[in-house]
Amino acid sequence: MLKTATTIFLGLATSFTFLLISPPPPKSFYHSLYISTSLSDNTSISHHLHTLTRRPHAAGSEANAEAAAYVLSIFTSSNIKSHIASYEVSLTYPSSRSLTLIPPPPETPTTFNLRQEIYDGDPYADVADEVQPTFHAYAKSGTVSGLVVYVNYGRIVDYSTLKEMGVNVSGTIVLARYGEIYRGNIVKNAYEEGAIGALLYTDRKDYGGGGGDTRWFPDEKWMPPSGVQVGTVYNGIGDPTTPGWASTGNCERLSEEEVEKGGDVPLIPSLPISGADGETILRSVGGDVAHEDWQGSIDAPTYRVGPGPGIINLSYTGNQIIGTIQNVIGIIEGAEEPDRFVILGNHRDAWTFGAVDPNSGTAALLEVAERLGKLQKKGWKPRRTIVLCNWDAEEYGLVGSTEWVEENREMLASRAVAYLNVDCGVAGPVFHASATPQLDELLKRATQQVKRNLLSVAAIISLISIELVIDLKVQDPENSSQTIYDSWVDSSNSPPIGRLGDGGSDFAAFVQHVGIPAAAMFFGGGYPVYHSMYDDFVWMEKFGDPMFHRHVAVGSVWGLVALWLADEEFLPFNYLSYAKELQKSTKDLKDEISETDISLNPLFKSIEELHKAATTMNNQRKEIIERKGWTSMWNKDHLKVRELNDRLMMAERAFTDKDGLFGRSWYKHLIYGPSKHDDYGSKTFPGIDDAIEKAKNLNTADSWRAVQHEVWRVSRAVKHASLVLNGKLT
């Protein structure tokens, strides 16, 4: 009897002990929980966006400081340690502007009011006066007068067309329409062609729905006739007065003259104007009829190129200050590898209300923060540290993120795993993503149905008696019966993933300056009311995302990728994808220079070595996984995992070069960088591309030798990446 009682007691004790020491749910459980309907909340996202967009909040403004405080409060209430990282940076605001058209007689001069008009029932009419007067940030102050020349989109190819037509823009004021290249390059191209001023307008053909009977906002999504796209015309990145170092306190600064000599700020005055004002000016332009693809909307006047006879008097005075900007930084410290950082970023500042750009992304960032806070309450702790960043002054030239990266460069270079960016999170339907290639498969995986977790999650839920409904797939907000991946893939069954060579958002400093793997994602793309006062909550609610399901979807994909990068034992990088992408890009380059003596053999050979190194790396990872068990502790496999992950993390750094691109030394990455003539344009092998362009113009032996040198530079960088992946000294 005693023996039986003892046996029962021991059995109960063992069972009780098992319950006490039963292991916590695996990370995969929390990842599935993260994308479940129980944690996502489109109502909360809608509230965040409404709060953030109540007032215009340009960088340096009181309203933007209030928005920073709001972001900080959400981070803090989500149990995320947070702080403000402030910088003192160069910012510009408009002091005065005037624009007068003097048409040929008998027409009388027209002085434009340069105002964006409110509409009947506009809920933001009471704060419309807080919208800054339309201007270009960092525009050159000055007064100029000259004949008008219409230059289409202001591209290099457009000026070539004008030369073929016998039109000389020297000494004139150019009229260009937005749409094909970055506005800063439009102004720079005009200056280099000899123009004395530049006007940029939003053509109805591109932003107004094509004209005719088309209605505009608030009835339809299109830009109203008085709408103006404002923005920066700075061609650099970060504070212009502190190139390469952080704008902290009383730091060293360049003078205004030194900044101008640097070549990244405009040297002629410019103004953005409305489509209506642009058409008025075009009616005063004579000369040859512009080509058909230069013409406007259905009922627009016939576009001619000039010069004149219309004359423009343009005056602009800017006020340059050193102002305070505020990055909000939230940190969830890793439990096992706190010195490895997975960074998520979005900017907060907007030219006006910013419902799409950027606060659809900010609302999604706050949703991510709240979901991660809920996971922490349920016992989740990340393996690696997650850093949430809400940047300031992005609109001026990626200023907030760049100053932070420059200040923390060495820490980031040695510890950052990846950077994940969302700028305009939602502008309409259709999912888009760009990345450095080792993250391609991770993005695909995040947008596909998460099927393999089904049984284990169901078992865990049953075991620990958690009552919740988990939707085990990242749903497409346009069609709940399919995943985002299903609607993302194109006809070749491969989703189109872009690259991060452009300077269009805050990933630039991470990728192009330090060499950190990165990705960016969003729904929509270009939208008609971009950078105008009509980018408000009403536009989003009516046209961008009425049910805010796209916002939820962005938050799901963004956070899920971050969780995998933070929690998976092996970093989910695939450098075979990188090697294949480089192989494809080099074949395209070969076609471009097929009629030259340039040899790409060094580059092809380096890419082959990278492919071998990536294959070896994948095999080493498989070997460690297969060995795992009780003996792995004694075999020190955890140290091997750490060392392997370090190689995966550091390989991207090897694609950078300390000397950077020729003439653009801040850009260190030799694989991806912005086009020299379009900051929005992403280039593969930007140094080679710059050298080829120069060689085609000069056509000298030295210029073509410079192209070959750039090929060798890229080849060496790719070889260095292979050596890092191999992890062995030569």
# chains A, B, ... in the order shown; residues from 1 in each chain; ligands from 1
>>> residues_around(residues="segment 284-288 of chain A", least_positions_apart="6", cutoff="8 Å", atoms="only C-alpha atoms", output="list in words")
Pro103, Pro104, Val148, Val149, Tyr150, Tyr303, Arg304, Val305, Gly306, Pro307, Gly308, Pro309 and Gly310 of chain A
>>> write_last_selection(atoms="C-alpha atoms", output="compact mmCIF listing (two decimals), in the first residue's frame")
# COMPACT_ATOMS: atom_id res chain seq x y z
CA PRO A 103 2.72 87.60 -72.78
CA PRO A 104 3.06 89.20 -76.21
CA VAL A 148 10.21 80.66 -71.66
CA VAL A 149 11.35 77.36 -73.19
CA TYR A 150 9.23 74.23 -72.73
CA TYR A 303 2.45 72.72 -76.65
CA ARG A 304 5.21 74.61 -78.42
CA VAL A 305 8.85 74.79 -77.35
CA GLY A 306 9.72 78.48 -77.69
CA PRO A 307 11.82 80.39 -76.80
CA GLY A 308 9.13 82.87 -75.85
CA PRO A 309 7.62 85.12 -76.86
CA GLY A 310 6.23 84.86 -73.33
>>> closest_atom_pairs(of="segment 576-610 of chain A", to="segment 482-504 of chain A", cutoff="12 Å", atoms="only C-alpha atoms", output="CSV")
residue,atom,partner,partner_atom,distance
A:Ser577,CA,A:Ile497,CA,11.7
A:Tyr578,CA,A:Arg499,CA,11.2
A:Glu581,CA,A:Arg499,CA,10.2
A:Leu582,CA,A:Arg499,CA,11.6
A:Ser585,CA,A:Arg499,CA,11.6
>>> write_last_selection(atoms="N, CA, C and O atoms", output="PDB file, in the first residue's frame")
ATOM      1  N   SER A 577      20.949  33.936 -54.546  1.00  0.00           N
ATOM      2  CA  SER A 577      20.106  34.910 -55.252  1.00  0.00           C
ATOM      3  C   SER A 577      20.932  36.109 -55.691  1.00  0.00           C
ATOM      4  O   SER A 577      20.740  36.644 -56.785  1.00  0.00           O
ATOM      5  N   TYR A 578      21.859  36.518 -54.836  1.00  0.00           N
ATOM      6  CA  TYR A 578      22.722  37.664 -55.158  1.00  0.00           C
ATOM      7  C   TYR A 578      23.592  37.336 -56.371  1.00  0.00           C
ATOM      8  O   TYR A 578      23.712  38.128 -57.319  1.00  0.00           O
ATOM      9  N   GLU A 581      21.576  37.333 -59.543  1.00  0.00           N
ATOM     10  CA  GLU A 581      21.214  38.691 -59.944  1.00  0.00           C
ATOM     11  C   GLU A 581      22.404  39.417 -60.576  1.00  0.00           C
ATOM     12  O   GLU A 581      22.269  40.113 -61.587  1.00  0.00           O
ATOM     13  N   LEU A 582      23.582  39.242 -59.986  1.00  0.00           N
ATOM     14  CA  LEU A 582      24.784  39.865 -60.542  1.00  0.00           C
ATOM     15  C   LEU A 582      25.122  39.274 -61.910  1.00  0.00           C
ATOM     16  O   LEU A 582      25.577  39.992 -62.811  1.00  0.00           O
ATOM     17  N   SER A 585      22.778  40.925 -64.372  1.00  0.00           N
ATOM     18  CA  SER A 585      23.135  42.328 -64.604  1.00  0.00           C
ATOM     19  C   SER A 585      24.396  42.443 -65.455  1.00  0.00           C
ATOM     20  O   SER A 585      24.516  43.342 -66.297  1.00  0.00           O
TER      21      SER A 585
END
>>> closest_residue(among="A:Ala519, A:Ala433, A:Met533, A:Ala276", to="Gln116 of chain A", atoms="only C-alpha atoms")
A:Met533
>>> select_by_dssp(residues="segment 148-282 of chain A", states="strand (DSSP E or B)", output="tab-separated table (two decimals) with N, CA, C and O atoms, in the first residue's frame")
chain	number	residue	atom	x	y	z
A	148	VAL	N	10.54	82.01	-72.11
A	148	VAL	CA	10.21	80.66	-71.66
A	148	VAL	C	10.56	79.65	-72.75
A	148	VAL	O	10.27	79.86	-73.93
A	149	VAL	N	11.16	78.52	-72.32
A	149	VAL	CA	11.35	77.36	-73.19
A	149	VAL	C	10.70	76.16	-72.50
A	149	VAL	O	10.98	75.89	-71.33
A	150	TYR	N	9.86	75.45	-73.25
A	150	TYR	CA	9.23	74.23	-72.73
A	150	TYR	C	10.17	73.06	-72.99
A	150	TYR	O	10.58	72.81	-74.12
A	173	ILE	N	14.26	80.85	-69.11
A	173	ILE	CA	13.65	80.17	-67.96
A	173	ILE	C	12.90	78.96	-68.51
A	173	ILE	O	12.04	79.11	-69.38
A	174	VAL	N	13.26	77.77	-68.04
A	174	VAL	CA	12.64	76.57	-68.59
A	174	VAL	C	11.37	76.22	-67.82
A	174	VAL	O	11.25	76.48	-66.62
A	175	LEU	N	10.42	75.67	-68.56
A	175	LEU	CA	9.19	75.13	-67.99
A	175	LEU	C	9.21	73.63	-68.20
A	175	LEU	O	9.20	73.16	-69.35
A	176	ALA	N	9.26	72.87	-67.11
A	176	ALA	CA	9.32	71.41	-67.19
A	176	ALA	C	8.16	70.82	-66.42
A	176	ALA	O	7.68	71.39	-65.45
A	177	ARG	N	7.71	69.67	-66.89
A	177	ARG	CA	6.65	68.99	-66.14
A	177	ARG	C	7.24	67.86	-65.30
A	177	ARG	O	8.21	67.22	-65.68
A	197	GLY	N	16.66	79.99	-64.77
A	197	GLY	CA	15.61	79.69	-63.81
A	197	GLY	C	14.80	78.50	-64.29
A	197	GLY	O	14.87	78.12	-65.46
A	198	ALA	N	14.01	77.91	-63.37
A	198	ALA	CA	13.23	76.73	-63.73
A	198	ALA	C	11.88	76.75	-63.03
A	198	ALA	O	11.79	77.07	-61.84
A	199	LEU	N	10.84	76.42	-63.79
A	199	LEU	CA	9.49	76.24	-63.26
A	199	LEU	C	9.08	74.80	-63.51
A	199	LEU	O	9.23	74.28	-64.61
A	200	LEU	N	8.53	74.14	-62.48
A	200	LEU	CA	8.11	72.74	-62.59
A	200	LEU	C	6.62	72.66	-62.30
A	200	LEU	O	6.17	73.17	-61.25
A	201	TYR	N	5.86	72.05	-63.20
A	201	TYR	CA	4.42	72.01	-63.02
A	201	TYR	C	3.89	70.58	-63.13
A	201	TYR	O	4.56	69.69	-63.68
A	231	GLY	N	8.62	70.09	-52.80
A	231	GLY	CA	9.65	69.09	-52.50
A	231	GLY	C	11.03	69.70	-52.55
A	231	GLY	O	11.22	70.88	-52.87
A	232	THR	N	12.02	68.87	-52.23
A	232	THR	CA	13.39	69.34	-52.21
A	232	THR	C	14.02	69.27	-53.60
A	232	THR	O	13.63	68.44	-54.42
A	270	SER	N	14.24	78.35	-58.63
A	270	SER	CA	13.18	77.50	-59.18
A	270	SER	C	11.94	77.61	-58.32
A	270	SER	O	12.00	77.99	-57.16
A	271	LEU	N	10.80	77.27	-58.93
A	271	LEU	CA	9.53	77.23	-58.22
A	271	LEU	C	8.68	76.09	-58.76
A	271	LEU	O	8.67	75.85	-59.97
A	272	PRO	N	7.93	75.40	-57.88
A	272	PRO	CA	6.90	74.46	-58.35
A	272	PRO	C	5.61	75.25	-58.58
A	272	PRO	O	5.28	76.15	-57.79
A	273	ILE	N	4.88	74.95	-59.63
A	273	ILE	CA	3.63	75.63	-59.90
A	273	ILE	C	2.55	74.62	-60.26
A	273	ILE	O	2.82	73.45	-60.51
>>> atom_distance(atom1="atom CA of Leu639 of chain A", atom2="atom CA of Trp564 of chain A")
20.0 Å
>>> closest_atom_pairs(of="segment 340-395 of chain A", to="segment 405-419 of chain A", cutoff="9 Å", atoms="only C-alpha atoms", output="JSON lines")
{"residue": "A:Arg340", "atom": "CA", "partner": "A:Arg415", "partner_atom": "CA", "distance": 4.9}
{"residue": "A:Phe341", "atom": "CA", "partner": "A:Ala416", "partner_atom": "CA", "distance": 4.6}
{"residue": "A:Val342", "atom": "CA", "partner": "A:Ala418", "partner_atom": "CA", "distance": 5.3}
{"residue": "A:Ile343", "atom": "CA", "partner": "A:Tyr419", "partner_atom": "CA", "distance": 4.7}
{"residue": "A:Leu344", "atom": "CA", "partner": "A:Tyr419", "partner_atom": "CA", "distance": 5.8}
{"residue": "A:Gly345", "atom": "CA", "partner": "A:Tyr419", "partner_atom": "CA", "distance": 7.4}
>>> residues_around(residues="Lys205 of chain A", least_positions_apart="5", cutoff="6 Å", atoms="only C-alpha atoms", output="list in words")
Gly210, Gly296 and Ser297 of chain A
>>> write_last_selection(atoms="C-alpha atoms", output="mmCIF file, in the first residue's frame")
data_model
loop_
_atom_site.group_PDB
_atom_site.id
_atom_site.type_symbol
_atom_site.label_atom_id
_atom_site.label_comp_id
_atom_site.auth_asym_id
_atom_site.auth_seq_id
_atom_site.Cartn_x
_atom_site.Cartn_y
_atom_site.Cartn_z
ATOM 1 C CA GLY A 210 -5.926 63.162 -68.692
ATOM 2 C CA GLY A 296 -0.552 67.381 -72.832
ATOM 3 C CA SER A 297 -4.034 66.135 -72.007
#
